[in-house]
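Student: Have a look at this one before I ask anything.
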Amino acid sequence: MRFSRKTLGIPYAVFLLLFVVAPLLVLFYYAFTNGQGEFTLRNLTDFFTDPNTLGTLFYSFALALTTTAVCLLLAYPTAYILTTGRLKKNTVLIMIFIMPMWINFSLRITALKEILDLIEGNLAYHPFLNSVIGMTYDFLPFMILPIYNTLAKMDASLIEAAKDLGANDRHAFLRVTLPLSLPGIISGVSMVLLPAMTNYVVLDMLYNSTYIMGSLIGSYFSAYNWNGGSMIALILLGIICIFNIINDDDRGETAKAGGALL
């Protein structure tokens, strides 16, 4: 019995309808209705007029941006050393960064909490700092791997050509290596920035915080305010979509720049 491509695509289409399209339709329905099922825009206006939700949004952005910046500052030198340094067993070193991802998330954060407790005594004294530490510990491998993969695939002859043309190590890095590694940086940033805005589990396990968007959405649904929670989730989804569109445009421009460089 032979199957056409359309026939083989039916299970995938059914999956999309049941687990992607249907939940989005439910989200839109609750976001633009009130408790009586009547159409309303009040959920949208409440989001932009409530200082609690706006403050949570800005705090989430600040936390996510700081976490992303710290991850990038740690990940890029690490990936660069692994790809350009004369270290033996690079695969083993990469596995060291990947192995924590195989350990249960709760165990890792609990161990980190115990270490921070020994150092600080009371984690409530430095909530933002501890949140950044916890997020960085959780998301650092997601920043290292895409940058490492990009640098590992880079043609080493480009660096040699730059040096033959008179560039020193610093100029070769700034004019060749860094521009060609931008796709890996962009991928790493997207893999860290967006989840860091909603991953409230790290904060809750460290010091029972309810500051970021994920915990705010959860509090709305826990209070059976599905309409307000759905609107916040929809707005956050829109922010993510806008970021992905900008991200795709940056990748296209980077590819063109890389082609011009080559």
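In the structure tokens, each chain is lettered A, B, ... as it comes, each chain's residues begin at 1, and ligands are numbered from 1 in order of appearance.
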Enumerate as a VMD selection string all residues of stretch 21-88 of chain A assigned to alpha helix (DSSP H) by DSSP on the backbone, naming them with the chain letters and numbers the document uses.

Tutor: chain A and resid 22 to 31 42 to 49 51 to 84

Student: Against stretch 132-145 of chain A, which residues of stretch 179-252 of chain A fall within 12 Å? For each one I want the closest pair of atoms and the distance in Å (one decimal), counting only C-alpha atoms, rows by chain and increasing residue number, as JSON lines.

Tutor:
```
{"residue": "A:Ser181", "atom": "CA", "partner": "A:Ile144", "partner_atom": "CA", "distance": 12.0}
{"residue": "A:Pro183", "atom": "CA", "partner": "A:Met143", "partner_atom": "CA", "distance": 11.7}
{"residue": "A:Gly184", "atom": "CA", "partner": "A:Leu145", "partner_atom": "CA", "distance": 8.4}
{"residue": "A:Ile185", "atom": "CA", "partner": "A:Met143", "partner_atom": "CA", "distance": 7.5}
{"residue": "A:Ile186", "atom": "CA", "partner": "A:Met143", "partner_atom": "CA", "distance": 9.4}
{"residue": "A:Ser187", "atom": "CA", "partner": "A:Met143", "partner_atom": "CA", "distance": 7.9}
{"residue": "A:Gly188", "atom": "CA", "partner": "A:Met143", "partner_atom": "CA", "distance": 4.3}
{"residue": "A:Val189", "atom": "CA", "partner": "A:Met143", "partner_atom": "CA", "distance": 6.8}
{"residue": "A:Ser190", "atom": "CA", "partner": "A:Met143", "partner_atom": "CA", "distance": 9.0}
{"residue": "A:Met191", "atom": "CA", "partner": "A:Phe142", "partner_atom": "CA", "distance": 6.3}
{"residue": "A:Val192", "atom": "CA", "partner": "A:Phe139", "partner_atom": "CA", "distance": 6.0}
{"residue": "A:Leu193", "atom": "CA", "partner": "A:Phe139", "partner_atom": "CA", "distance": 9.3}
{"residue": "A:Leu194", "atom": "CA", "partner": "A:Phe139", "partner_atom": "CA", "distance": 10.9}
{"residue": "A:Pro195", "atom": "CA", "partner": "A:Phe139", "partner_atom": "CA", "distance": 8.8}
{"residue": "A:Ala196", "atom": "CA", "partner": "A:Met135", "partner_atom": "CA", "distance": 6.8}
{"residue": "A:Met197", "atom": "CA", "partner": "A:Met135", "partner_atom": "CA", "distance": 10.0}
{"residue": "A:Thr198", "atom": "CA", "partner": "A:Met135", "partner_atom": "CA", "distance": 10.8}
{"residue": "A:Asn199", "atom": "CA", "partner": "A:Met135", "partner_atom": "CA", "distance": 8.3}
{"residue": "A:Tyr200", "atom": "CA", "partner": "A:Met135", "partner_atom": "CA", "distance": 9.6}
{"residue": "A:Val201", "atom": "CA", "partner": "A:Met135", "partner_atom": "CA", "distance": 9.9}
{"residue": "A:Val202", "atom": "CA", "partner": "A:Gly134", "partner_atom": "CA", "distance": 6.3}
{"residue": "A:Leu203", "atom": "CA", "partner": "A:Gly134", "partner_atom": "CA", "distance": 7.6}
{"residue": "A:Asp204", "atom": "CA", "partner": "A:Gly134", "partner_atom": "CA", "distance": 10.7}
{"residue": "A:Met205", "atom": "CA", "partner": "A:Gly134", "partner_atom": "CA", "distance": 9.6}
{"residue": "A:Leu206", "atom": "CA", "partner": "A:Gly134", "partner_atom": "CA", "distance": 7.9}
{"residue": "A:Tyr207", "atom": "CA", "partner": "A:Gly134", "partner_atom": "CA", "distance": 10.9}
```

Student: Record the distance separating atom CA of A:Val20 and atom CA of A:Thr40, expressed in Å with one decimal.

Tutor: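 Computing the Euclidean distance for atom CA of A:Val20 and atom CA of A:Thr40 yields 24.0 Å.
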
Student: Which residue out of A:Ser106, A:Gly55, A:Leu63, A:Asn149 has the minimum interatomic distance to A:Ile94 when only C-alpha atoms are used?

Tutor: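 Once distances to A:Ile94 are computed over only C-alpha atoms, the minimum belongs to A:Asn149.
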
Student: Which of these, A:Leu174, A:Tyr30, A:Phe58, A:Ile10, has the shortest distance to A:Met213 once you count only C-alpha atoms?

Tutor: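 Ranked by minimum distance to A:Met213, first place goes to A:Phe58.
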
Student: Find the residues around stretch 160-164 of chain A up to 12 Å (only C-alpha atoms counted), leave out those fewer than 2 positions away in its own chain, and share them as a PyMOL selection string.

Tutor: chain A and resi 155-158+166-177+261-262

Student: Limited to N, CA and C atoms, could you put the picked residues into a file as a PDB file, in the first residue's frame?

Tutor:
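So the final result, stored in out.pdb, reads:
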```
ATOM      1  N   ASP A 155      35.431  28.395   8.964  1.00  0.00           N
ATOM      2  CA  ASP A 155      36.620  28.035   8.187  1.00  0.00           C
ATOM      3  C   ASP A 155      37.837  28.750   8.766  1.00  0.00           C
ATOM      4  N   ALA A 156      38.797  27.978   9.264  1.00  0.00           N
ATOM      5  CA  ALA A 156      39.980  28.572   9.881  1.00  0.00           C
ATOM      6  C   ALA A 156      40.846  29.328   8.878  1.00  0.00           C
ATOM      7  N   SER A 157      40.684  29.012   7.606  1.00  0.00           N
ATOM      8  CA  SER A 157      41.491  29.706   6.596  1.00  0.00           C
ATOM      9  C   SER A 157      41.132  31.188   6.496  1.00  0.00           C
ATOM     10  N   LEU A 158      39.924  31.556   6.928  1.00  0.00           N
ATOM     11  CA  LEU A 158      39.541  32.969   6.907  1.00  0.00           C
ATOM     12  C   LEU A 158      40.393  33.773   7.885  1.00  0.00           C
ATOM     13  N   GLY A 166      47.585  41.382   7.085  1.00  0.00           N
ATOM     14  CA  GLY A 166      48.125  42.350   8.036  1.00  0.00           C
ATOM     15  C   GLY A 166      47.320  42.542   9.296  1.00  0.00           C
ATOM     16  N   ALA A 167      46.237  41.823   9.487  1.00  0.00           N
ATOM     17  CA  ALA A 167      45.426  41.968  10.691  1.00  0.00           C
ATOM     18  C   ALA A 167      46.090  41.249  11.862  1.00  0.00           C
ATOM     19  N   ASN A 168      46.070  41.895  13.026  1.00  0.00           N
ATOM     20  CA  ASN A 168      46.557  41.221  14.219  1.00  0.00           C
ATOM     21  C   ASN A 168      45.426  40.363  14.801  1.00  0.00           C
ATOM     22  N   ASP A 169      45.699  39.709  15.939  1.00  0.00           N
ATOM     23  CA  ASP A 169      44.699  38.802  16.519  1.00  0.00           C
ATOM     24  C   ASP A 169      43.412  39.528  16.881  1.00  0.00           C
ATOM     25  N   ARG A 170      43.524  40.739  17.426  1.00  0.00           N
ATOM     26  CA  ARG A 170      42.333  41.477  17.837  1.00  0.00           C
ATOM     27  C   ARG A 170      41.490  41.877  16.633  1.00  0.00           C
ATOM     28  N   HIS A 171      42.136  42.408  15.590  1.00  0.00           N
ATOM     29  CA  HIS A 171      41.394  42.813  14.404  1.00  0.00           C
ATOM     30  C   HIS A 171      40.782  41.601  13.684  1.00  0.00           C
ATOM     31  N   ALA A 172      41.515  40.500  13.657  1.00  0.00           N
ATOM     32  CA  ALA A 172      40.970  39.299  13.017  1.00  0.00           C
ATOM     33  C   ALA A 172      39.732  38.805  13.756  1.00  0.00           C
ATOM     34  N   PHE A 173      39.774  38.911  15.080  1.00  0.00           N
ATOM     35  CA  PHE A 173      38.598  38.483  15.857  1.00  0.00           C
ATOM     36  C   PHE A 173      37.419  39.413  15.613  1.00  0.00           C
ATOM     37  N   LEU A 174      37.651  40.737  15.663  1.00  0.00           N
ATOM     38  CA  LEU A 174      36.567  41.699  15.535  1.00  0.00           C
ATOM     39  C   LEU A 174      35.998  41.766  14.123  1.00  0.00           C
ATOM     40  N   ARG A 175      36.853  41.575  13.101  1.00  0.00           N
ATOM     41  CA  ARG A 175      36.411  41.748  11.721  1.00  0.00           C
ATOM     42  C   ARG A 175      35.974  40.432  11.062  1.00  0.00           C
ATOM     43  N   VAL A 176      36.412  39.299  11.604  1.00  0.00           N
ATOM     44  CA  VAL A 176      36.096  38.015  10.960  1.00  0.00           C
ATOM     45  C   VAL A 176      35.329  37.089  11.904  1.00  0.00           C
ATOM     46  N   THR A 177      35.953  36.733  13.017  1.00  0.00           N
ATOM     47  CA  THR A 177      35.357  35.730  13.905  1.00  0.00           C
ATOM     48  C   THR A 177      34.031  36.189  14.492  1.00  0.00           C
ATOM     49  N   LEU A 261      31.360  39.063   3.292  1.00  0.00           N
ATOM     50  CA  LEU A 261      32.691  38.914   3.871  1.00  0.00           C
ATOM     51  C   LEU A 261      33.473  37.826   3.165  1.00  0.00           C
ATOM     52  N   LEU A 262      32.771  36.721   2.868  1.00  0.00           N
ATOM     53  CA  LEU A 262      33.457  35.631   2.190  1.00  0.00           C
ATOM     54  C   LEU A 262      33.749  35.990   0.736  1.00  0.00           C
TER      55      LEU A 262
END
```

Student: Can you work out the spacing between atom CA of A:Pro77 and atom CA of A:Leu65 in Å, to one decimal?

Tutor: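 That distance, rounded to one decimal, is 18.9 Å.
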
Student: Just give me the gap between atom CA of A:Val21 and atom CA of A:Met231 in Å, one decimal is fine.

Tutor: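 Here the two named atoms are 16.7 Å from each other.
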
Student: When distances are computed from only C-alpha atoms, which of A:Thr68, A:Thr53, A:Ser4, A:Thr33 shows the smallest separation from A:Tyr211?

Tutor: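 Closest to A:Tyr211 of all the choices is A:Thr53.
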